[in-house]
$ cat final-v1.pdb   # PDB, C-alpha atoms
ATOM      1  CA  MET N   1       0.000   0.000   0.000  1.00  0.00           C
ATOM      2  CA  GLY N   2       1.314   3.476   0.659  1.00  0.00           C
ATOM      3  CA  ILE N   3       0.844   7.154   1.322  1.00  0.00           C
ATOM      4  CA  ALA N   4       0.157   9.338  -1.696  1.00  0.00           C
ATOM      5  CA  ILE N   5      -0.330  13.080  -1.918  1.00  0.00           C
ATOM      6  CA  LYS N   6      -2.653  14.953  -4.230  1.00  0.00           C
ATOM      7  CA  ARG N   7      -3.972  18.462  -4.659  1.00  0.00           C
ATOM      8  CA  VAL N   8      -7.545  18.596  -3.467  1.00  0.00           C
ATOM      9  CA  TYR N   9      -8.440  20.254  -6.784  1.00  0.00           C
ATOM     10  CA  GLU N  10      -7.522  17.094  -8.723  1.00  0.00           C
ATOM     11  CA  ALA N  11     -10.224  14.554  -9.498  1.00  0.00           C
ATOM     12  CA  PRO N  12     -10.300  11.525  -7.219  1.00  0.00           C
ATOM     13  CA  ALA N  13      -8.954   8.277  -8.597  1.00  0.00           C
ATOM     14  CA  GLU N  14      -9.975   4.725  -7.809  1.00  0.00           C
ATOM     15  CA  GLY N  15      -6.565   4.003  -6.264  1.00  0.00           C
ATOM     16  CA  ASP N  16      -6.651   6.954  -3.855  1.00  0.00           C
ATOM     17  CA  GLY N  17      -8.023   4.831  -1.043  1.00  0.00           C
ATOM     18  CA  TYR N  18      -8.680   6.709   2.204  1.00  0.00           C
ATOM     19  CA  ARG N  19      -8.623  10.435   1.351  1.00  0.00           C
ATOM     20  CA  VAL N  20      -7.619  12.890   4.088  1.00  0.00           C
ATOM     21  CA  LEU N  21      -7.653  16.684   3.740  1.00  0.00           C
ATOM     22  CA  ILE N  22      -4.853  18.024   5.947  1.00  0.00           C
ATOM     23  CA  ASP N  23      -5.266  21.793   5.493  1.00  0.00           C
ATOM     24  CA  ARG N  24      -6.563  23.982   8.309  1.00  0.00           C
ATOM     25  CA  LEU N  25      -8.366  26.317   5.898  1.00  0.00           C
ATOM     26  CA  TRP N  26     -10.983  25.101   3.436  1.00  0.00           C
ATOM     27  CA  PRO N  27      -9.591  25.172  -0.149  1.00  0.00           C
ATOM     28  CA  ARG N  28     -10.652  28.241  -2.085  1.00  0.00           C
ATOM     29  CA  GLY N  29     -13.303  27.880  -4.723  1.00  0.00           C
ATOM     30  CA  LEU N  30     -14.473  24.411  -3.681  1.00  0.00           C
ATOM     31  CA  LYS N  31     -17.805  23.484  -2.167  1.00  0.00           C
ATOM     32  CA  LYS N  32     -17.590  20.981   0.663  1.00  0.00           C
ATOM     33  CA  GLU N  33     -20.000  18.601  -1.019  1.00  0.00           C
ATOM     34  CA  ALA N  34     -17.835  18.622  -4.171  1.00  0.00           C
ATOM     35  CA  VAL N  35     -14.720  17.282  -2.415  1.00  0.00           C
ATOM     36  CA  ALA N  36     -14.360  13.512  -2.280  1.00  0.00           C
ATOM     37  CA  MET N  37     -12.711  12.906   1.078  1.00  0.00           C
ATOM     38  CA  ASP N  38     -13.137  10.592   4.005  1.00  0.00           C
ATOM     39  CA  VAL N  39     -12.032  13.012   6.698  1.00  0.00           C
ATOM     40  CA  TRP N  40     -10.865  16.596   7.158  1.00  0.00           C
ATOM     41  CA  ALA N  41      -7.995  16.255   9.636  1.00  0.00           C
ATOM     42  CA  LYS N  42      -7.412  19.857  10.712  1.00  0.00           C
ATOM     43  CA  ALA N  43      -5.310  18.569  13.616  1.00  0.00           C
ATOM     44  CA  LEU N  44      -2.645  17.559  11.074  1.00  0.00           C
ATOM     45  CA  ALA N  45      -2.387  21.026   9.531  1.00  0.00           C
ATOM     46  CA  PRO N  46       0.450  23.382  10.440  1.00  0.00           C
ATOM     47  CA  SER N  47      -0.511  26.082  12.914  1.00  0.00           C
ATOM     48  CA  THR N  48      -1.643  29.395  11.486  1.00  0.00           C
ATOM     49  CA  GLU N  49       1.559  30.995  12.783  1.00  0.00           C
ATOM     50  CA  LEU N  50       3.784  28.396  11.105  1.00  0.00           C
ATOM     51  CA  ARG N  51       1.824  28.536   7.845  1.00  0.00           C
ATOM     52  CA  LYS N  52       2.132  32.327   7.687  1.00  0.00           C
ATOM     53  CA  TRP N  53       5.818  32.266   8.645  1.00  0.00           C
ATOM     54  CA  PHE N  54       6.606  29.721   5.920  1.00  0.00           C
ATOM     55  CA  GLY N  55       4.571  31.317   3.149  1.00  0.00           C
ATOM     56  CA  HIS N  56       5.688  28.496   0.797  1.00  0.00           C
ATOM     57  CA  ASP N  57       9.177  30.029   0.568  1.00  0.00           C
ATOM     58  CA  PRO N  58      11.491  27.224  -0.622  1.00  0.00           C
ATOM     59  CA  ALA N  59      14.384  28.877   1.250  1.00  0.00           C
ATOM     60  CA  LEU N  60      12.522  28.133   4.518  1.00  0.00           C
ATOM     61  CA  TRP N  61      11.585  24.567   3.584  1.00  0.00           C
ATOM     62  CA  ASP N  62      14.030  22.667   5.809  1.00  0.00           C
ATOM     63  CA  GLU N  63      13.199  24.720   8.873  1.00  0.00           C
ATOM     64  CA  PHE N  64       9.484  24.488   8.098  1.00  0.00           C
ATOM     65  CA  ARG N  65       9.730  20.700   8.066  1.00  0.00           C
ATOM     66  CA  GLN N  66      11.466  20.688  11.444  1.00  0.00           C
ATOM     67  CA  ARG N  67       8.958  23.073  13.017  1.00  0.00           C
ATOM     68  CA  TYR N  68       6.026  21.210  11.515  1.00  0.00           C
ATOM     69  CA  ALA N  69       7.339  17.873  12.814  1.00  0.00           C
ATOM     70  CA  ALA N  70       7.600  19.421  16.276  1.00  0.00           C
ATOM     71  CA  GLU N  71       3.987  20.598  16.048  1.00  0.00           C
ATOM     72  CA  LEU N  72       2.851  17.171  14.886  1.00  0.00           C
ATOM     73  CA  ALA N  73       4.145  15.627  18.108  1.00  0.00           C
ATOM     74  CA  ASP N  74       0.873  16.765  19.697  1.00  0.00           C
ATOM     75  CA  SER N  75      -1.097  14.855  17.026  1.00  0.00           C
ATOM     76  CA  ALA N  76       1.115  11.766  16.866  1.00  0.00           C
ATOM     77  CA  ASP N  77      -1.783   9.420  17.597  1.00  0.00           C
ATOM     78  CA  VAL N  78      -3.661  10.760  14.564  1.00  0.00           C
ATOM     79  CA  TRP N  79      -0.883  10.664  11.973  1.00  0.00           C
ATOM     80  CA  GLN N  80       0.565   7.389  13.264  1.00  0.00           C
ATOM     81  CA  ALA N  81      -2.876   5.782  12.916  1.00  0.00           C
ATOM     82  CA  LEU N  82      -2.952   6.986   9.306  1.00  0.00           C
ATOM     83  CA  ALA N  83       0.542   5.597   8.758  1.00  0.00           C
ATOM     84  CA  ARG N  84      -0.544   2.207  10.127  1.00  0.00           C
ATOM     85  CA  ARG N  85      -3.655   2.349   7.943  1.00  0.00           C
ATOM     86  CA  SER N  86      -1.454   2.930   4.879  1.00  0.00           C
ATOM     87  CA  ALA N  87       0.108  -0.491   5.462  1.00  0.00           C
ATOM     88  CA  ARG N  88      -3.351  -2.037   4.895  1.00  0.00           C
ATOM     89  CA  GLU N  89      -4.844   0.242   2.254  1.00  0.00           C
ATOM     90  CA  PRO N  90      -3.858   3.286   0.192  1.00  0.00           C
ATOM     91  CA  VAL N  91      -4.003   6.633   1.991  1.00  0.00           C
ATOM     92  CA  THR N  92      -4.005   9.922   0.065  1.00  0.00           C
ATOM     93  CA  LEU N  93      -3.154  13.191   1.799  1.00  0.00           C
ATOM     94  CA  LEU N  94      -5.022  16.080   0.177  1.00  0.00           C
ATOM     95  CA  TYR N  95      -3.692  19.643   0.183  1.00  0.00           C
ATOM     96  CA  GLY N  96      -4.625  22.903  -1.470  1.00  0.00           C
ATOM     97  CA  ALA N  97      -1.261  24.635  -1.986  1.00  0.00           C
ATOM     98  CA  ARG N  98      -0.096  25.447  -5.503  1.00  0.00           C
ATOM     99  CA  ASP N  99       3.518  24.512  -4.712  1.00  0.00           C
ATOM    100  CA  GLU N 100       3.630  20.764  -5.218  1.00  0.00           C
ATOM    101  CA  GLU N 101       7.122  20.334  -3.731  1.00  0.00           C
ATOM    102  CA  HIS N 102       7.000  22.526  -0.619  1.00  0.00           C
ATOM    103  CA  ASN N 103       3.781  21.948   1.315  1.00  0.00           C
ATOM    104  CA  ASP N 104       2.475  20.279   4.452  1.00  0.00           C
ATOM    105  CA  ALA N 105       1.434  17.101   2.625  1.00  0.00           C
ATOM    106  CA  VAL N 106       4.964  16.513   1.302  1.00  0.00           C
ATOM    107  CA  ALA N 107       6.396  17.024   4.785  1.00  0.00           C
ATOM    108  CA  LEU N 108       3.791  14.794   6.463  1.00  0.00           C
ATOM    109  CA  GLN N 109       4.202  12.065   3.855  1.00  0.00           C
ATOM    110  CA  ALA N 110       7.956  11.991   4.542  1.00  0.00           C
ATOM    111  CA  LEU N 111       7.442  11.957   8.318  1.00  0.00           C
ATOM    112  CA  MET N 112       4.922   9.119   8.090  1.00  0.00           C
ATOM    113  CA  GLY N 113       7.205   7.139   5.781  1.00  0.00           C
ATOM    114  CA  GLN N 114      10.148   7.506   8.179  1.00  0.00           C
ATOM    115  CA  TRP N 115       7.978   6.412  11.084  1.00  0.00           C
ATOM    116  CA  LEU N 116       6.719   3.369   9.165  1.00  0.00           C
ATOM    117  CA  ARG N 117      10.268   2.275   8.359  1.00  0.00           C
ATOM    118  CA  ARG N 118      11.096   2.330  12.094  1.00  0.00           C
ATOM    119  CA  HIS N 119       7.896   0.675  13.330  1.00  0.00           C
ATOM    120  CA  LYS N 120       6.179  -2.454  12.229  1.00  0.00           C
ATOM    121  CA  PRO N 121       2.465  -1.705  11.686  1.00  0.00           C
ATOM    122  CA  ARG N 122       0.108  -3.806  13.801  1.00  0.00           C
TER     123      ARG N 122
END
$ encode --input "final-v1.pdb" --output "structure tokens"
Amino acid sequence: MGIAIKRVYEAPAEGDGYRVLIDRLWPRGLKKEAVAMDVWAKALAPSTELRKWFGHDPALWDEFRQRYAAELADSADVWQALARRSAREPVTLLYGARDEEHNDAVALQALMGQWLRRHKPR
């Protein structure tokens, strides 16, 4: 299985599996009923302060990832459950950012992958 990432604006695909929106703010221009998702996990979104500080500036990417990982410590039970789920079925993290390389979903996907390599899912 695995953990995929996809912009929330992209059409859902059969292989997406369990779809999780991880943004704190609702994506612009989309109606809630138009988004195919299983859960909106606001607890996995970066804090407003961190999001504003980062501003999708690639020069701040490494530090953003470190700060975001520190914030996610408070939600470890949530993202670790998703990581374990990804061992059984596909999980797709949905995000709204235009930058496809420097966003919370990319950072969370990497964190979850590292955690899975260190822990055997039950």
$ closest_residue --input "final-v1.pdb" --among "N:Gly55, N:Asp38, N:Ala107, N:Arg19" --to "Lys6 (chain N)" --atoms "all atoms listed in the file"
N:Arg19
$ axis_aligned_box --input "final-v1.pdb" --around "region 10-23 of chain N" --padding-each-side "6 Å" --output "lines of an AutoDock Vina configuration file"
center_x = -7.6
center_y = 12.9
center_z = -1.8
size_x = 17.4
size_y = 29.8
size_z = 27.4
$ resolve_selection --input "final-v1.pdb" --expression "the PyMOL selection byres ((chain N and resi 8) around 12)" --output "PDB file with C-alpha atoms, in the frame of the given file"
ATOM      1  CA  ILE N   5      -0.330  13.080  -1.918  1.00  0.00           C
ATOM      2  CA  LYS N   6      -2.653  14.953  -4.230  1.00  0.00           C
ATOM      3  CA  ARG N   7      -3.972  18.462  -4.659  1.00  0.00           C
ATOM      4  CA  TYR N   9      -8.440  20.254  -6.784  1.00  0.00           C
ATOM      5  CA  GLU N  10      -7.522  17.094  -8.723  1.00  0.00           C
ATOM      6  CA  ALA N  11     -10.224  14.554  -9.498  1.00  0.00           C
ATOM      7  CA  PRO N  12     -10.300  11.525  -7.219  1.00  0.00           C
ATOM      8  CA  ALA N  13      -8.954   8.277  -8.597  1.00  0.00           C
ATOM      9  CA  ASP N  16      -6.651   6.954  -3.855  1.00  0.00           C
ATOM     10  CA  ARG N  19      -8.623  10.435   1.351  1.00  0.00           C
ATOM     11  CA  VAL N  20      -7.619  12.890   4.088  1.00  0.00           C
ATOM     12  CA  LEU N  21      -7.653  16.684   3.740  1.00  0.00           C
ATOM     13  CA  ILE N  22      -4.853  18.024   5.947  1.00  0.00           C
ATOM     14  CA  ASP N  23      -5.266  21.793   5.493  1.00  0.00           C
ATOM     15  CA  TRP N  26     -10.983  25.101   3.436  1.00  0.00           C
ATOM     16  CA  PRO N  27      -9.591  25.172  -0.149  1.00  0.00           C
ATOM     17  CA  ARG N  28     -10.652  28.241  -2.085  1.00  0.00           C
ATOM     18  CA  GLY N  29     -13.303  27.880  -4.723  1.00  0.00           C
ATOM     19  CA  LEU N  30     -14.473  24.411  -3.681  1.00  0.00           C
ATOM     20  CA  LYS N  31     -17.805  23.484  -2.167  1.00  0.00           C
ATOM     21  CA  LYS N  32     -17.590  20.981   0.663  1.00  0.00           C
ATOM     22  CA  ALA N  34     -17.835  18.622  -4.171  1.00  0.00           C
ATOM     23  CA  VAL N  35     -14.720  17.282  -2.415  1.00  0.00           C
ATOM     24  CA  ALA N  36     -14.360  13.512  -2.280  1.00  0.00           C
ATOM     25  CA  MET N  37     -12.711  12.906   1.078  1.00  0.00           C
ATOM     26  CA  TRP N  40     -10.865  16.596   7.158  1.00  0.00           C
ATOM     27  CA  THR N  92      -4.005   9.922   0.065  1.00  0.00           C
ATOM     28  CA  LEU N  93      -3.154  13.191   1.799  1.00  0.00           C
ATOM     29  CA  LEU N  94      -5.022  16.080   0.177  1.00  0.00           C
ATOM     30  CA  TYR N  95      -3.692  19.643   0.183  1.00  0.00           C
ATOM     31  CA  GLY N  96      -4.625  22.903  -1.470  1.00  0.00           C
ATOM     32  CA  ALA N  97      -1.261  24.635  -1.986  1.00  0.00           C
ATOM     33  CA  ARG N  98      -0.096  25.447  -5.503  1.00  0.00           C
ATOM     34  CA  GLU N 100       3.630  20.764  -5.218  1.00  0.00           C
ATOM     35  CA  ALA N 105       1.434  17.101   2.625  1.00  0.00           C
TER      36      ALA N 105
END
$ closest_residue --input "final-v1.pdb" --among "N:Pro58, N:Gly2, N:Gly113, N:Gly17" --to "Ser86 (chain N)" --atoms "all atoms listed in the file"
N:Gly2
$ closest_residue --input "final-v1.pdb" --among "N:Leu116, N:Ala59, N:Val91, N:Leu44" --to "Ser75 (chain N)" --atoms "all atoms listed in the file"
N:Leu44
$ atom_distance --input "final-v1.pdb" --atom1 "CA of Arg84 (chain N)" --atom2 "CA of Lys120 (chain N)"
8.4 Å
$ closest_residue --input "final-v1.pdb" --among "N:Leu25, N:Leu108, N:Ala81, N:Glu33" --to "Gln66 (chain N)" --atoms "only C-alpha atoms"
N:Leu108
$ atom_distance --input "final-v1.pdb" --atom1 "CA of Gln114 (chain N)" --atom2 "CA of Ala83 (chain N)"
9.8 Å
$ closest_residue --input "final-v1.pdb" --among "N:Ile3, N:Arg24, N:Pro90, N:His56" --to "Leu111 (chain N)" --atoms "only C-alpha atoms"
N:Ile3
$ atom_distance --input "final-v1.pdb" --atom1 "CA of Glu14 (chain N)" --atom2 "CA of Gln109 (chain N)"
19.8 Å
$ closest_residue --input "final-v1.pdb" --among "N:Asp57, N:Arg118, N:Arg65, N:Thr48" --to "Asp104 (chain N)" --atoms "only C-alpha atoms"
N:Arg65
$ residues_around --input "final-v1.pdb" --residues "Arg67 (chain N)" --least-positions-apart "5" --cutoff "12 Å" --atoms "all atoms listed in the file" --output "list in words"
Pro46, Ser47, Glu49, Leu50, Arg51, Trp53, Phe54, Leu60, Trp61, Asp62, Leu72, Ala73, Asp104, Ala107 and Leu108 of chain N
$ decode --input "final-v1.pdb" --residues "region 27-73 of chain N" --atoms "C-alpha atoms" --output "mmCIF file, in the first residue's frame"
data_model
loop_
_atom_site.group_PDB
_atom_site.id
_atom_site.type_symbol
_atom_site.label_atom_id
_atom_site.label_comp_id
_atom_site.auth_asym_id
_atom_site.auth_seq_id
_atom_site.Cartn_x
_atom_site.Cartn_y
_atom_site.Cartn_z
ATOM 1 C CA PRO N 27 -9.591 25.172 -0.149
ATOM 2 C CA ARG N 28 -10.652 28.241 -2.085
ATOM 3 C CA GLY N 29 -13.303 27.880 -4.723
ATOM 4 C CA LEU N 30 -14.473 24.411 -3.681
ATOM 5 C CA LYS N 31 -17.805 23.484 -2.167
ATOM 6 C CA LYS N 32 -17.590 20.981 0.663
ATOM 7 C CA GLU N 33 -20.000 18.601 -1.019
ATOM 8 C CA ALA N 34 -17.835 18.622 -4.171
ATOM 9 C CA VAL N 35 -14.720 17.282 -2.415
ATOM 10 C CA ALA N 36 -14.360 13.512 -2.280
ATOM 11 C CA MET N 37 -12.711 12.906 1.078
ATOM 12 C CA ASP N 38 -13.137 10.592 4.005
ATOM 13 C CA VAL N 39 -12.032 13.012 6.698
ATOM 14 C CA TRP N 40 -10.865 16.596 7.158
ATOM 15 C CA ALA N 41 -7.995 16.255 9.636
ATOM 16 C CA LYS N 42 -7.412 19.857 10.712
ATOM 17 C CA ALA N 43 -5.310 18.569 13.616
ATOM 18 C CA LEU N 44 -2.645 17.559 11.074
ATOM 19 C CA ALA N 45 -2.387 21.026 9.531
ATOM 20 C CA PRO N 46 0.450 23.382 10.440
ATOM 21 C CA SER N 47 -0.511 26.082 12.914
ATOM 22 C CA THR N 48 -1.643 29.395 11.486
ATOM 23 C CA GLU N 49 1.559 30.995 12.783
ATOM 24 C CA LEU N 50 3.784 28.396 11.105
ATOM 25 C CA ARG N 51 1.824 28.536 7.845
ATOM 26 C CA LYS N 52 2.132 32.327 7.687
ATOM 27 C CA TRP N 53 5.818 32.266 8.645
ATOM 28 C CA PHE N 54 6.606 29.721 5.920
ATOM 29 C CA GLY N 55 4.571 31.317 3.149
ATOM 30 C CA HIS N 56 5.688 28.496 0.797
ATOM 31 C CA ASP N 57 9.177 30.029 0.568
ATOM 32 C CA PRO N 58 11.491 27.224 -0.622
ATOM 33 C CA ALA N 59 14.384 28.877 1.250
ATOM 34 C CA LEU N 60 12.522 28.133 4.518
ATOM 35 C CA TRP N 61 11.585 24.567 3.584
ATOM 36 C CA ASP N 62 14.030 22.667 5.809
ATOM 37 C CA GLU N 63 13.199 24.720 8.873
ATOM 38 C CA PHE N 64 9.484 24.488 8.098
ATOM 39 C CA ARG N 65 9.730 20.700 8.066
ATOM 40 C CA GLN N 66 11.466 20.688 11.444
ATOM 41 C CA ARG N 67 8.958 23.073 13.017
ATOM 42 C CA TYR N 68 6.026 21.210 11.515
ATOM 43 C CA ALA N 69 7.339 17.873 12.814
ATOM 44 C CA ALA N 70 7.600 19.421 16.276
ATOM 45 C CA GLU N 71 3.987 20.598 16.048
ATOM 46 C CA LEU N 72 2.851 17.171 14.886
ATOM 47 C CA ALA N 73 4.145 15.627 18.108
#
